[in-house]
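Engineer: Next up, my_file_30.pdb (PDB, C-alpha atoms).
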MODEL        1
ATOM      1  CA  THR A   5      -0.083  -3.880 -13.471
ATOM      2  CA  GLU A   6      -2.506  -5.547 -11.101
ATOM      3  CA  GLN A   7      -2.367  -9.341 -11.153
ATOM      4  CA  LYS A   8      -6.080  -9.877 -10.470
ATOM      5  CA  ASN A   9      -7.465  -7.822 -13.334
ATOM      6  CA  GLY A  10      -4.476  -6.915 -15.545
ATOM      7  CA  LYS A  11      -5.220  -3.193 -15.220
ATOM      8  CA  THR A  12      -2.429  -0.668 -14.992
ATOM      9  CA  LYS A  13      -2.569   1.060 -11.620
ATOM     10  CA  ARG A  14      -1.300   4.612 -11.215
ATOM     11  CA  PHE A  15      -0.572   5.923  -7.745
ATOM     12  CA  MET A  16       1.149   8.900  -6.194
ATOM     13  CA  LEU A  17       4.114   8.388  -3.910
ATOM     14  CA  PRO A  18       4.633  10.778  -1.008
ATOM     15  CA  LYS A  19       7.295  13.432  -1.597
ATOM     16  CA  ALA A  20       9.688  11.940   0.973
ATOM     17  CA  THR A  21       9.466   8.538  -0.736
ATOM     18  CA  ARG A  22      10.062  10.080  -4.165
ATOM     19  CA  GLU A  23      13.154  11.850  -2.819
ATOM     20  CA  MET A  24      14.529   8.571  -1.408
ATOM     21  CA  ILE A  25      13.942   6.845  -4.737
ATOM     22  CA  GLU A  26      15.657   9.678  -6.586
ATOM     23  CA  ASP A  27      18.705   9.239  -4.340
ATOM     24  CA  TYR A  28      18.607   5.463  -4.864
ATOM     25  CA  ILE A  29      18.433   5.650  -8.683
ATOM     26  CA  ARG A  30      21.056   8.357  -9.102
ATOM     27  CA  GLY A  31      23.529   6.965 -11.629
ATOM     28  CA  MET A  32      21.228   4.177 -12.831
ATOM     29  CA  GLN A  33      20.257   3.783 -16.476
ATOM     30  CA  GLU A  34      16.679   4.377 -17.654
ATOM     31  CA  GLU A  35      16.205   0.666 -18.386
ATOM     32  CA  ASP A  36      17.521  -0.487 -14.977
ATOM     33  CA  TYR A  37      15.052  -1.970 -12.488
ATOM     34  CA  LEU A  38      14.701  -0.557  -8.972
ATOM     35  CA  PHE A  39      15.163  -4.066  -7.592
ATOM     36  CA  SER A  40      17.069  -6.215 -10.057
ATOM     37  CA  SER A  41      17.119  -9.964  -9.787
ATOM     38  CA  ARG A  42      20.505 -11.570  -9.224
ATOM     39  CA  LYS A  43      19.328 -14.529 -11.303
ATOM     40  CA  GLY A  44      18.753 -12.827 -14.623
ATOM     41  CA  ASN A  45      17.876  -9.710 -16.560
ATOM     42  CA  GLY A  46      14.738  -8.506 -14.858
ATOM     43  CA  PRO A  47      13.159  -7.372 -11.618
ATOM     44  CA  ILE A  48      12.911  -9.461  -8.470
ATOM     45  CA  SER A  49       9.828 -11.641  -8.246
ATOM     46  CA  THR A  50       6.932 -10.964  -5.919
ATOM     47  CA  THR A  51       8.130 -13.974  -3.918
ATOM     48  CA  GLN A  52      11.573 -12.433  -3.499
ATOM     49  CA  ALA A  53      10.013  -9.108  -2.482
ATOM     50  CA  TYR A  54       8.008 -10.961   0.171
ATOM     51  CA  ARG A  55      11.138 -12.762   1.416
ATOM     52  CA  SER A  56      12.994  -9.462   1.715
ATOM     53  CA  LEU A  57      10.111  -8.019   3.676
ATOM     54  CA  GLN A  58      10.127 -11.063   5.956
ATOM     55  CA  LYS A  59      13.864 -10.652   6.595
ATOM     56  CA  ALA A  60      13.264  -7.045   7.646
ATOM     57  CA  ALA A  61      10.404  -8.190   9.899
ATOM     58  CA  ASP A  62      12.698 -10.805  11.475
ATOM     59  CA  VAL A  63      15.285  -8.124  12.260
ATOM     60  CA  LEU A  64      12.522  -6.160  14.003
ATOM     61  CA  GLY A  65      11.331  -9.246  15.851
ATOM     62  CA  ARG A  66       7.910  -9.064  14.169
ATOM     63  CA  ASP A  67       5.887 -11.922  12.773
ATOM     64  CA  ASP A  68       2.875  -9.878  11.698
ATOM     65  CA  ILE A  69       4.312  -8.118   8.658
ATOM     66  CA  GLY A  70       3.485  -9.098   5.094
ATOM     67  CA  THR A  71       2.717  -7.456   1.800
ATOM     68  CA  HIS A  72      -1.037  -7.903   2.168
ATOM     69  CA  THR A  73      -1.006  -6.791   5.806
ATOM     70  CA  MET A  74       0.863  -3.646   4.802
ATOM     71  CA  ARG A  75      -1.727  -2.903   2.109
ATOM     72  CA  LYS A  76      -4.590  -3.251   4.571
ATOM     73  CA  THR A  77      -2.749  -1.226   7.236
ATOM     74  CA  PHE A  78      -2.111   1.535   4.706
ATOM     75  CA  GLY A  79      -5.834   1.563   3.906
ATOM     76  CA  TYR A  80      -6.828   1.693   7.557
ATOM     77  CA  HIS A  81      -4.548   4.642   8.342
ATOM     78  CA  HIS A  82      -5.417   6.459   5.103
ATOM     79  CA  TYR A  83      -9.091   6.193   6.035
ATOM     80  CA  LYS A  84      -8.498   7.290   9.649
ATOM     81  CA  ARG A  85      -6.578  10.351   8.481
ATOM     82  CA  ASN A  86      -8.745  11.398   5.531
ATOM     83  CA  LYS A  87     -12.177   9.820   6.200
ATOM     84  CA  ASP A  88     -12.478   9.429   2.414
ATOM     85  CA  VAL A  89     -13.705   5.953   1.578
ATOM     86  CA  ALA A  90     -14.397   6.875  -2.074
ATOM     87  CA  THR A  91     -10.749   7.655  -2.771
ATOM     88  CA  LEU A  92      -9.614   4.560  -0.905
ATOM     89  CA  GLN A  93     -12.134   2.467  -2.843
ATOM     90  CA  HIS A  94     -10.561   3.779  -6.056
ATOM     91  CA  ILE A  95      -7.010   3.096  -4.804
ATOM     92  CA  PHE A  96      -7.941  -0.503  -3.968
ATOM     93  CA  ASN A  97     -10.101  -0.902  -7.092
ATOM     94  CA  HIS A  98     -13.047  -2.150  -5.026
ATOM     95  CA  SER A  99     -16.557  -2.152  -6.490
ATOM     96  CA  ALA A 100     -18.282  -0.673  -3.422
ATOM     97  CA  PRO A 101     -17.416   1.434  -0.360
ATOM     98  CA  SER A 102     -18.760  -1.320   1.903
ATOM     99  CA  ILE A 103     -16.137  -3.728   0.524
ATOM    100  CA  THR A 104     -13.371  -1.218   1.225
ATOM    101  CA  LEU A 105     -14.550  -0.587   4.799
ATOM    102  CA  LYS A 106     -14.776  -4.312   5.494
ATOM    103  CA  TYR A 107     -11.369  -4.913   3.885
ATOM    104  CA  ILE A 108      -9.611  -2.376   6.127
ATOM    105  CA  GLY A 109     -11.482  -3.502   9.234
ATOM    106  CA  ILE A 110     -13.707  -0.492   9.853
ATOM    107  CA  THR A 111     -16.653  -1.746  11.906
ATOM    108  CA  ASP A 112     -20.183  -0.431  12.286
ATOM    109  CA  ASP A 113     -19.288   0.628  15.843
ATOM    110  CA  GLU A 114     -16.475   2.834  14.523
ATOM    111  CA  ILE A 115     -18.768   4.327  11.909
ATOM    112  CA  ASP A 116     -21.424   4.973  14.574
ATOM    113  CA  ALA A 117     -18.826   6.673  16.797
ATOM    114  CA  THR A 118     -18.189   9.248  14.072
ATOM    115  CA  MET A 119     -21.825  10.313  14.396
ATOM    116  CA  GLU A 120     -21.834  10.600  18.192
ATOM    117  CA  ASP A 121     -20.866  14.281  18.382
ATOM    118  CA  PHE A 122     -21.712  15.256  14.820
ATOM    119  CA  SER A 123     -23.708  18.401  14.236
ATOM    120  CA  ILE A 124     -24.213  20.950  11.502
TER     121      ILE A 124
ENDMDL
END
What do you get writing this file as structure tokens?
Structural biologist:
Amino acid sequence: TEQKNGKTKRFMLPKATREMIEDYIRGMQEEDYLFSSRKGNGPISTTQAYRSLQKAADVLGRDDIGTHTMRKTFGYHHYKRNKDVATLQHIFNHSAPSITLKYIGITDDEIDATMEDFSI
């Protein structure tokens, strides 16, 4: 469920990720959380997820990794690979393609470059 608008968000995980999750949950009960909190009966908080991500970044010697950065980076690479701003707009729940392009850092120069050698 998205925090901003309360909508349930459905998304497909890549096959390799699904296989890793299946290995991880083998032997778990249906009601178990993927990432259980050590402080109670529930999942870890978004703050704890962020802290875990930061610990991994520290191990890698990186200071530019965060949950929001990863979301934007995913969007940038998804767009570069598929050139499908409409799908990405839907994934991010943006109201317009221009918002999505700005969000992922696609500039007018990059858009113009796609037209340089274009022909039908």
Engineer: Can you measure atom CA of A:Asp88 to atom CA of A:Met119 for me? One decimal in Å is fine.
Structural biologist: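 Spanning atom CA of A:Asp88 to atom CA of A:Met119 is a straight-line distance of 15.2 Å.
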Engineer: Let me know the residues the PyMOL selection byres ((chain A and resi 95-99) around 10) catches in the file above, as a list in words.
Structural biologist: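 Applied to this file, the PyMOL selection byres ((chain A and resi 95-99) around 10) returns Glu6, Asn9, Lys11, Lys13, Arg14, Phe15, Arg75, Lys76, Gly79, Val89, Ala90, Thr91, Leu92, Gln93, His94, Ala100, Pro101, Ser102, Ile103, Thr104 and Tyr107 of chain A.
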Engineer: I'd like the interatomic distance between atom CA of A:Tyr80 and atom CA of A:Lys106, to a tenth of an Å.
Structural biologist: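 Straight-line distance from atom CA of A:Tyr80 to atom CA of A:Lys106 works out to 10.2 Å.
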Engineer: Give me the box for stretch 32-41 of chain A as JSON, namely the centre and edge lengths in Å to one decimal of a box along x, y and z that holds every listed atom plus 4 Å on each side.
Structural biologist:
{"center_x": 18.0, "center_y": -2.8, "center_z": -13.0, "size_x": 14.5, "size_y": 22.3, "size_z": 18.8}
Engineer: Quick one, how far is atom CA of A:Thr51 from atom CA of A:Thr71?
Structural biologist: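 Here the two named atoms are 10.2 Å from each other.
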Engineer: Compare A:Ala61, A:Ile115, A:His72, A:Asp27 by their minimum atom-to-atom distance to A:Lys87, counting all atoms listed in the file, and give me the closest one.
Structural biologist: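 Under the stated criterion, the closest residue is A:Ile115.
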Engineer: Which polymer residues have any atom within 12 Å of an atom of A:Tyr28, counting all atoms listed in the file, with same-chain residues fewer than 5 positions away left out, as a ChimeraX atom specification?
Structural biologist: /A:21-23,33,36-39
Engineer: Output C-alpha atoms of each residue in that selection to a file, as a PDB file, keeping the file's coordinate frame.
Structural biologist:
ATOM      1  CA  THR A  21       9.466   8.538  -0.736  1.00  0.00           C
ATOM      2  CA  ARG A  22      10.062  10.080  -4.165  1.00  0.00           C
ATOM      3  CA  GLU A  23      13.154  11.850  -2.819  1.00  0.00           C
ATOM      4  CA  GLN A  33      20.257   3.783 -16.476  1.00  0.00           C
ATOM      5  CA  ASP A  36      17.521  -0.487 -14.977  1.00  0.00           C
ATOM      6  CA  TYR A  37      15.052  -1.970 -12.488  1.00  0.00           C
ATOM      7  CA  LEU A  38      14.701  -0.557  -8.972  1.00  0.00           C
ATOM      8  CA  PHE A  39      15.163  -4.066  -7.592  1.00  0.00           C
TER       9      PHE A  39
END
